[in-house]
$ cat protein-v2.cif   # mmCIF, C-alpha atoms and all ligand atoms
data_structure
#
loop_
_atom_site.label_atom_id
_atom_site.label_comp_id
_atom_site.auth_asym_id
_atom_site.auth_seq_id
_atom_site.Cartn_x
_atom_site.Cartn_y
_atom_site.Cartn_z
CA MET A 25 -154.07 -44.75 -60.84
CA THR A 26 -154.33 -45.50 -64.57
CA SER A 27 -152.63 -48.69 -65.72
CA GLU A 28 -149.84 -48.84 -68.31
CA VAL A 29 -150.36 -47.32 -71.76
CA ARG A 30 -148.62 -48.58 -74.90
CA VAL A 31 -146.38 -46.10 -76.67
CA GLY A 32 -145.25 -47.85 -79.84
CA ASP A 33 -144.36 -51.29 -78.49
CA VAL A 34 -143.46 -49.99 -75.04
CA PRO A 35 -145.86 -50.05 -72.07
CA VAL A 36 -145.49 -46.88 -69.96
CA GLN A 37 -146.94 -46.12 -66.52
CA PRO A 38 -148.59 -42.66 -66.62
CA PHE A 39 -148.38 -40.42 -63.52
CA ARG A 40 -150.32 -37.23 -62.86
CA SER A 41 -147.79 -35.89 -60.37
CA MET A 42 -144.32 -36.56 -59.01
CA GLU A 43 -145.98 -37.44 -55.70
CA GLU A 44 -147.92 -40.21 -57.43
CA ALA A 45 -144.68 -41.57 -58.89
CA ILE A 46 -142.92 -41.52 -55.51
CA ALA A 47 -145.86 -43.26 -53.84
CA TYR A 48 -145.71 -45.95 -56.54
CA VAL A 49 -142.15 -46.81 -55.52
CA LEU A 50 -142.12 -45.98 -51.84
CA ASN A 51 -145.52 -46.25 -50.23
CA ASP A 52 -145.65 -45.73 -46.48
CA GLY A 53 -142.12 -46.98 -46.13
CA HIS A 54 -142.68 -50.08 -48.26
CA VAL A 55 -140.43 -50.17 -51.33
CA ILE A 56 -141.39 -52.09 -54.48
CA SER A 57 -138.83 -54.59 -55.74
CA GLY A 58 -137.47 -54.47 -59.28
CA SER A 59 -136.16 -51.69 -61.42
CA ALA A 60 -137.21 -48.47 -63.10
CA ILE A 61 -136.44 -47.39 -66.62
CA ALA A 62 -137.01 -43.96 -68.13
CA ILE A 63 -138.82 -44.01 -71.47
CA ASN A 64 -138.24 -41.27 -74.01
CA PRO A 65 -138.93 -41.07 -77.76
CA GLU A 66 -135.40 -42.20 -78.57
CA LYS A 67 -135.80 -45.42 -76.58
CA VAL A 68 -139.22 -46.14 -78.07
CA MET A 69 -137.65 -46.03 -81.55
CA LEU A 70 -134.44 -47.86 -80.60
CA ALA A 71 -136.40 -50.65 -78.92
CA LYS A 72 -137.79 -51.59 -82.33
CA GLU A 73 -134.33 -52.67 -83.50
CA ASP A 74 -132.42 -53.40 -80.31
CA GLN A 75 -133.34 -56.71 -78.68
CA GLU A 76 -131.18 -56.06 -75.61
CA LEU A 77 -132.89 -52.75 -74.94
CA ARG A 78 -136.29 -54.39 -75.46
CA THR A 79 -135.41 -57.02 -72.88
CA ALA A 80 -134.23 -54.38 -70.40
CA ILE A 81 -137.50 -52.49 -70.88
CA GLU A 82 -139.60 -55.63 -70.44
CA ARG A 83 -137.68 -56.62 -67.33
CA ALA A 84 -138.31 -53.30 -65.58
CA THR A 85 -141.10 -53.08 -63.01
CA LEU A 86 -141.59 -49.38 -63.62
CA ARG A 87 -141.41 -47.69 -67.03
CA TYR A 88 -141.98 -43.94 -66.65
CA ALA A 89 -142.30 -41.17 -69.22
CA ASP A 90 -139.13 -39.08 -69.19
CA GLY A 91 -139.62 -37.28 -72.48
CA ILE A 92 -142.26 -34.75 -73.44
CA GLY A 93 -142.88 -36.62 -76.72
CA VAL A 94 -143.96 -39.70 -74.77
CA VAL A 95 -146.09 -37.60 -72.40
CA ARG A 96 -147.87 -36.03 -75.39
CA THR A 97 -148.51 -39.39 -77.06
CA ILE A 98 -150.13 -40.63 -73.85
CA ARG A 99 -152.22 -37.45 -73.60
CA ARG A 100 -153.34 -37.95 -77.18
CA LYS A 101 -154.68 -41.30 -76.08
CA GLY A 102 -156.86 -39.38 -73.61
CA ILE A 103 -154.80 -39.98 -70.48
CA GLU A 104 -153.57 -37.07 -68.39
CA ASN A 105 -149.92 -37.45 -67.35
CA ILE A 106 -146.78 -35.43 -66.71
CA ARG A 107 -143.12 -35.92 -67.45
CA ILE A 108 -141.14 -37.63 -64.69
CA PRO A 109 -137.49 -36.61 -65.15
CA GLY A 110 -135.30 -39.48 -63.91
CA CYS A 111 -133.02 -37.27 -61.86
CA GLU A 112 -135.96 -35.55 -60.16
CA LEU A 113 -137.56 -38.88 -59.35
CA TRP A 114 -134.29 -40.11 -57.87
CA GLN A 115 -133.84 -36.98 -55.76
CA ALA A 116 -137.42 -37.03 -54.53
CA LEU A 117 -137.10 -40.71 -53.62
CA MET A 118 -133.91 -40.10 -51.71
CA HIS A 119 -135.48 -37.28 -49.72
CA ARG A 120 -138.61 -39.30 -49.02
CA SER A 121 -136.58 -42.34 -47.97
CA ALA A 122 -135.16 -40.32 -45.05
CA ARG A 123 -138.63 -40.32 -43.49
CA PHE A 124 -138.60 -44.12 -43.23
CA SER A 125 -134.87 -44.62 -42.78
CA THR A 126 -134.94 -46.86 -45.85
CA PRO A 127 -131.50 -48.42 -46.41
CA VAL A 128 -129.98 -46.94 -49.57
CA MET A 129 -126.96 -47.91 -51.70
CA LEU A 130 -125.32 -45.33 -53.98
CA LEU A 131 -123.07 -46.51 -56.79
CA GLY A 132 -121.32 -44.52 -59.49
CA ALA A 133 -119.80 -41.20 -60.55
CA ARG A 134 -116.28 -40.03 -59.79
CA PRO A 135 -114.98 -40.66 -56.25
CA GLU A 136 -115.21 -37.06 -55.06
CA ILE A 137 -118.70 -36.69 -56.52
CA ASN A 138 -119.91 -39.91 -54.91
CA GLU A 139 -118.57 -38.76 -51.54
CA LYS A 140 -120.20 -35.37 -51.88
CA VAL A 141 -123.57 -36.91 -52.74
CA VAL A 142 -123.32 -39.33 -49.82
CA SER A 143 -122.51 -36.61 -47.31
CA SER A 144 -125.24 -34.24 -48.61
CA LEU A 145 -127.83 -37.01 -48.43
CA ARG A 146 -126.70 -38.18 -45.00
CA ALA A 147 -127.00 -34.61 -43.77
CA LEU A 148 -130.66 -34.79 -44.82
CA GLY A 149 -131.17 -37.98 -42.84
CA VAL A 150 -130.90 -40.47 -45.72
CA ASN A 151 -129.80 -43.88 -44.47
CA VAL A 152 -126.88 -44.59 -46.85
CA VAL A 153 -125.70 -48.09 -45.94
CA TYR A 154 -123.09 -48.50 -48.69
CA ALA A 155 -121.56 -46.34 -51.42
CA CYS A 156 -118.87 -46.73 -54.04
CA ASP A 157 -117.76 -44.57 -56.97
CA GLY A 158 -118.17 -45.87 -60.50
CA TYR A 159 -114.49 -46.43 -61.22
CA SER A 160 -113.24 -48.61 -58.37
CA LEU A 161 -116.16 -51.01 -58.10
CA ASN A 162 -115.25 -54.61 -57.40
CA GLU A 163 -118.23 -56.83 -58.14
CA ASN A 164 -117.39 -59.51 -55.57
CA GLU A 165 -117.24 -56.86 -52.88
CA LEU A 166 -120.39 -55.29 -54.22
CA PHE A 167 -122.40 -58.52 -54.04
CA LYS A 168 -121.06 -59.14 -50.55
CA ALA A 169 -122.15 -55.63 -49.56
CA LEU A 170 -125.62 -56.25 -50.99
CA ARG A 171 -126.04 -59.32 -48.80
CA GLU A 172 -124.58 -57.68 -45.72
CA THR A 173 -126.15 -54.23 -45.84
CA GLN A 174 -129.54 -55.28 -47.32
CA PRO A 175 -130.38 -52.02 -49.16
CA ARG A 176 -133.97 -51.44 -50.33
CA ILE A 177 -133.08 -48.73 -52.85
CA VAL A 178 -130.00 -49.02 -55.08
CA SER A 179 -129.14 -46.02 -57.29
CA VAL A 180 -126.58 -46.52 -60.05
CA ALA A 181 -125.04 -43.47 -61.74
CA MET A 182 -122.74 -44.95 -64.37
CA GLY A 183 -124.33 -43.98 -67.69
CA SER A 184 -126.06 -46.29 -70.18
CA PRO A 185 -125.78 -49.16 -70.92
CA LYS A 186 -123.19 -49.84 -68.19
CA GLN A 187 -125.58 -49.10 -65.35
CA GLU A 188 -128.39 -51.22 -66.82
CA LYS A 189 -126.05 -54.20 -67.24
CA LEU A 190 -124.77 -53.90 -63.68
CA ILE A 191 -128.32 -53.54 -62.36
CA HIS A 192 -129.28 -56.73 -64.15
CA ARG A 193 -126.43 -58.66 -62.52
CA MET A 194 -127.25 -57.25 -59.10
CA GLN A 195 -130.94 -58.08 -59.49
CA GLU A 196 -130.11 -61.70 -60.20
CA ALA A 197 -128.03 -61.89 -57.01
CA TYR A 198 -130.27 -59.72 -54.84
CA PRO A 199 -133.78 -59.25 -56.22
CA ILE A 200 -135.60 -57.52 -53.35
CA ALA A 201 -134.25 -54.00 -53.85
CA PHE A 202 -135.58 -51.28 -56.10
CA TYR A 203 -132.91 -50.38 -58.67
CA GLN A 204 -132.72 -47.16 -60.63
CA GLY A 205 -130.11 -46.21 -63.23
CA VAL A 206 -129.67 -42.46 -62.85
CA GLY A 207 -127.02 -41.56 -65.45
CA GLY A 208 -125.39 -38.24 -64.64
CA SER A 209 -127.73 -37.40 -61.71
CA PHE A 210 -125.00 -37.55 -59.05
CA ASP A 211 -122.96 -34.99 -61.03
CA VAL A 212 -126.03 -32.75 -61.20
CA TYR A 213 -126.78 -33.24 -57.49
CA ALA A 214 -123.20 -32.43 -56.53
CA GLY A 215 -123.48 -29.27 -58.64
CA VAL A 216 -120.78 -30.27 -61.13
CA VAL A 217 -123.02 -30.51 -64.18
CA LYS A 218 -125.86 -28.12 -64.84
CA ARG A 219 -129.21 -29.29 -66.08
CA ALA A 220 -130.67 -27.35 -68.98
CA PRO A 221 -131.86 -23.98 -67.64
CA ASN A 222 -135.42 -23.63 -66.37
CA TRP A 223 -136.57 -21.65 -69.39
CA ALA A 224 -135.53 -24.52 -71.67
CA CYS A 225 -137.35 -27.05 -69.47
CA ARG A 226 -140.46 -24.87 -69.41
CA LEU A 227 -140.54 -24.57 -73.19
CA HIS A 228 -139.90 -28.31 -73.49
CA ILE A 229 -136.79 -27.65 -75.55
CA GLU A 230 -134.33 -29.21 -73.12
CA TRP A 231 -133.39 -31.53 -76.01
CA LEU A 232 -132.50 -28.52 -78.18
CA TYR A 233 -130.35 -27.04 -75.41
CA ARG A 234 -128.51 -30.35 -75.04
CA LEU A 235 -128.10 -30.66 -78.79
CA LEU A 236 -126.52 -27.22 -79.06
CA SER A 237 -124.24 -27.81 -76.07
CA GLN A 238 -123.32 -31.39 -77.12
CA PRO A 239 -123.50 -31.58 -80.94
CA ARG A 240 -122.57 -35.28 -80.93
CA ARG A 241 -126.15 -35.89 -79.83
CA ILE A 242 -127.32 -35.19 -83.40
CA LEU A 243 -127.44 -38.90 -84.23
CA ARG A 244 -129.69 -39.55 -81.26
CA GLN A 245 -131.99 -36.75 -82.35
CA ARG A 246 -132.73 -38.51 -85.64
CA ASN A 247 -134.82 -40.95 -83.70
CA LEU A 248 -136.73 -38.08 -82.12
CA VAL A 249 -137.75 -36.87 -85.59
CA LYS A 250 -138.79 -40.41 -86.57
CA TYR A 251 -140.81 -40.63 -83.36
CA LEU A 252 -142.61 -37.32 -84.00
CA LEU A 253 -143.49 -38.39 -87.54
CA ALA A 254 -144.83 -41.74 -86.34
CA ASP A 255 -146.84 -39.93 -83.65
CA MET A 256 -148.34 -37.49 -86.18
CA ARG A 257 -149.44 -40.42 -88.28
CA GLY A 258 -151.08 -41.98 -85.23
CA LYS A 259 -148.72 -44.94 -85.41
CA LEU A 260 -147.77 -44.94 -81.73
N1 LIG B 1 -119.44 -43.16 -64.83
C1 LIG B 1 -119.02 -44.08 -63.88
N2 LIG B 1 -118.22 -45.12 -64.27
C2 LIG B 1 -117.85 -45.31 -65.55
C3 LIG B 1 -118.30 -44.39 -66.53
C4 LIG B 1 -119.10 -43.34 -66.12
O1 LIG B 1 -119.36 -43.94 -62.70
O2 LIG B 1 -117.13 -46.28 -65.82
C5 LIG B 1 -120.27 -42.03 -64.38
C6 LIG B 1 -119.75 -40.66 -64.77
O3 LIG B 1 -118.81 -40.21 -63.81
C7 LIG B 1 -121.05 -39.84 -64.75
C8 LIG B 1 -122.09 -40.86 -65.20
O4 LIG B 1 -121.49 -42.14 -65.04
O5 LIG B 1 -121.32 -39.44 -63.44
C9 LIG B 1 -122.46 -40.80 -66.68
O6 LIG B 1 -123.29 -39.82 -66.90
P1 LIG B 1 -123.85 -39.56 -68.38
O7 LIG B 1 -124.42 -38.20 -68.35
O8 LIG B 1 -122.83 -39.91 -69.42
O9 LIG B 1 -124.97 -40.67 -68.47
P2 LIG B 1 -126.32 -40.65 -69.33
O10 LIG B 1 -127.31 -39.94 -68.44
O11 LIG B 1 -126.02 -39.90 -70.62
O12 LIG B 1 -126.61 -42.11 -69.53
#

$ encode --input "protein-v2.cif" --output "structure tokens"
Amino acid sequence: MTSEVRVGDVPVQPFRSMEEAIAYVLNDGHVISGSAIAINPEKVMLAKEDQELRTAIERATLRYADGIGVVRTIRRKGIENIRIPGCELWQALMHRSARFSTPVMLLGARPEINEKVVSSLRALGVNVVYACDGYSLNENELFKALRETQPRIVSVAMGSPKQEKLIHRMQEAYPIAFYQGVGGSFDVYAGVVKRAPNWACRLHIEWLYRLLSQPRRILRQRNLVKYLLADMRGKL
């Protein structure tokens, strides 16, 4: 596997397939410790000004390309790679974990969503050792549960930057697990929120679909334009 490639100031691990990404995290039942962070053009640009985000990126053990802009920049550097959407990586990891009975902890989303995700995953054989929604979490109880249930994969669906901050605190208390912040993935998995339709994903205009359905994202998109300009000038 190719080693990390710099995109702007951010090192990113390129993958040629989802399988390669899964094997990186969960190889023959062995789970890497640390955390994963999705890198997209917006984060590459924000990291230039935001020290906290930079630290979170540096702290991660796995930085994967979840943005076609980042994938293209890496390709332009002569390295074949594909986009690894965070929610697909999470889902694939969950399904694979069933094979090894890896202990999994699921935190976040509304109570009924969390329950639905837990029961769907359990039905597939996933070894969910602890779960809690994202609104009634008590950190003392959580840390106790970490020690008692010893999860190897901890998925946190609470949106940014809440999930990243919680992951950081959990990592300090319990470093051996693999932590992934998964944003709205539980909502998607439970079928409450739709991802952009397949045609939008295929045309790589998922961002445009989201922009039209959530106009408040316009501010975020400014960074995408800045990124594309920097990329065209070969500055990434
Ligand atoms: N959420 C939560 N606790 C909170 C706030 C949010 O569990 O205090 C959940 C919310 O129910 C949703 C997810 O976090 O499932 C946020 O998803 P969003 O799409 O906003 O995250 P993003 O992917 O944009 O970071």

$ residues_near_point --input "protein-v2.cif" --point "(-142.9, -55.2, -54.5)" --cutoff "10 Å" --atoms "all atoms listed in the file" --output "CSV table (one decimal) with C-alpha atoms, in the coordinates of the input"
chain,number,residue,atom,x,y,z
A,48,TYR,CA,-145.7,-46.0,-56.5
A,49,VAL,CA,-142.2,-46.8,-55.5
A,50,LEU,CA,-142.1,-46.0,-51.8
A,54,HIS,CA,-142.7,-50.1,-48.3
A,55,VAL,CA,-140.4,-50.2,-51.3
A,56,ILE,CA,-141.4,-52.1,-54.5
A,57,SER,CA,-138.8,-54.6,-55.7
A,58,GLY,CA,-137.5,-54.5,-59.3
A,85,THR,CA,-141.1,-53.1,-63.0
A,200,ILE,CA,-135.6,-57.5,-53.4
A,201,ALA,CA,-134.2,-54.0,-53.8
A,202,PHE,CA,-135.6,-51.3,-56.1

$ residues_near_point --input "protein-v2.cif" --point "(-129.8, -40.8, -44.8)" --cutoff "12 Å" --atoms "all atoms listed in the file" --output "ChimeraX atom specification"
/A:117-130,141-155,177

$ atom_distance --input "protein-v2.cif" --atom1 "atom CA of A:Ala181" --atom2 "atom C9 of ligand LIG 1 (chain B)"
6.2 Å

$ residues_near_ligand --input "protein-v2.cif" --ligand "ligand LIG 1 (chain B)" --cutoff "9 Å" --atoms "all atoms listed in the file" --output "ChimeraX atom specification"
/A:131-135,137-138,157-161,180-187,205-212,217

$ closest_residue --input "protein-v2.cif" --among "A:Asp255, A:Glu73, A:Glu44, A:Asp52" --to "A:Asn105" --atoms "only C-alpha atoms"
A:Glu44

$ atom_distance --input "protein-v2.cif" --atom1 "atom CA of A:Ile98" --atom2 "atom CA of A:Ala84"
19.2 Å

$ residues_around --input "protein-v2.cif" --residues "A:Gly102" --least-positions-apart "3" --cutoff "12 Å" --atoms "all atoms listed in the file" --output "PyMOL selection string"
chain A and resi 26+29+38+95-99+105

$ closest_residue --input "protein-v2.cif" --among "A:Ala45, A:Ala60, A:Leu86, A:Leu253" --to "A:Ile108" --atoms "only C-alpha atoms"
A:Ala45

$ residues_around --input "protein-v2.cif" --residues "A:Glu165" --least-positions-apart "6" --cutoff "12 Å" --atoms "all atoms listed in the file" --output "mmCIF file with C-alpha atoms, in the coordinates of the input"
data_model
loop_
_atom_site.group_PDB
_atom_site.id
_atom_site.type_symbol
_atom_site.label_atom_id
_atom_site.label_comp_id
_atom_site.auth_asym_id
_atom_site.auth_seq_id
_atom_site.Cartn_x
_atom_site.Cartn_y
_atom_site.Cartn_z
ATOM 1 C CA TYR A 154 -123.090 -48.500 -48.690
ATOM 2 C CA ALA A 155 -121.560 -46.340 -51.420
ATOM 3 C CA CYS A 156 -118.870 -46.730 -54.040
ATOM 4 C CA ARG A 171 -126.040 -59.320 -48.800
ATOM 5 C CA GLU A 172 -124.580 -57.680 -45.720
ATOM 6 C CA THR A 173 -126.150 -54.230 -45.840
ATOM 7 C CA MET A 194 -127.250 -57.250 -59.100
#

$ closest_residue --input "protein-v2.cif" --among "A:Arg30, A:Gly93, A:Lys259, A:Ile106" --to "A:Glu43" --atoms "only C-alpha atoms"
A:Ile106

$ closest_residue --input "protein-v2.cif" --among "A:Leu166, A:Ile46, A:Val31, A:Ile92" --to "A:Val68" --atoms "all atoms listed in the file"
A:Val31
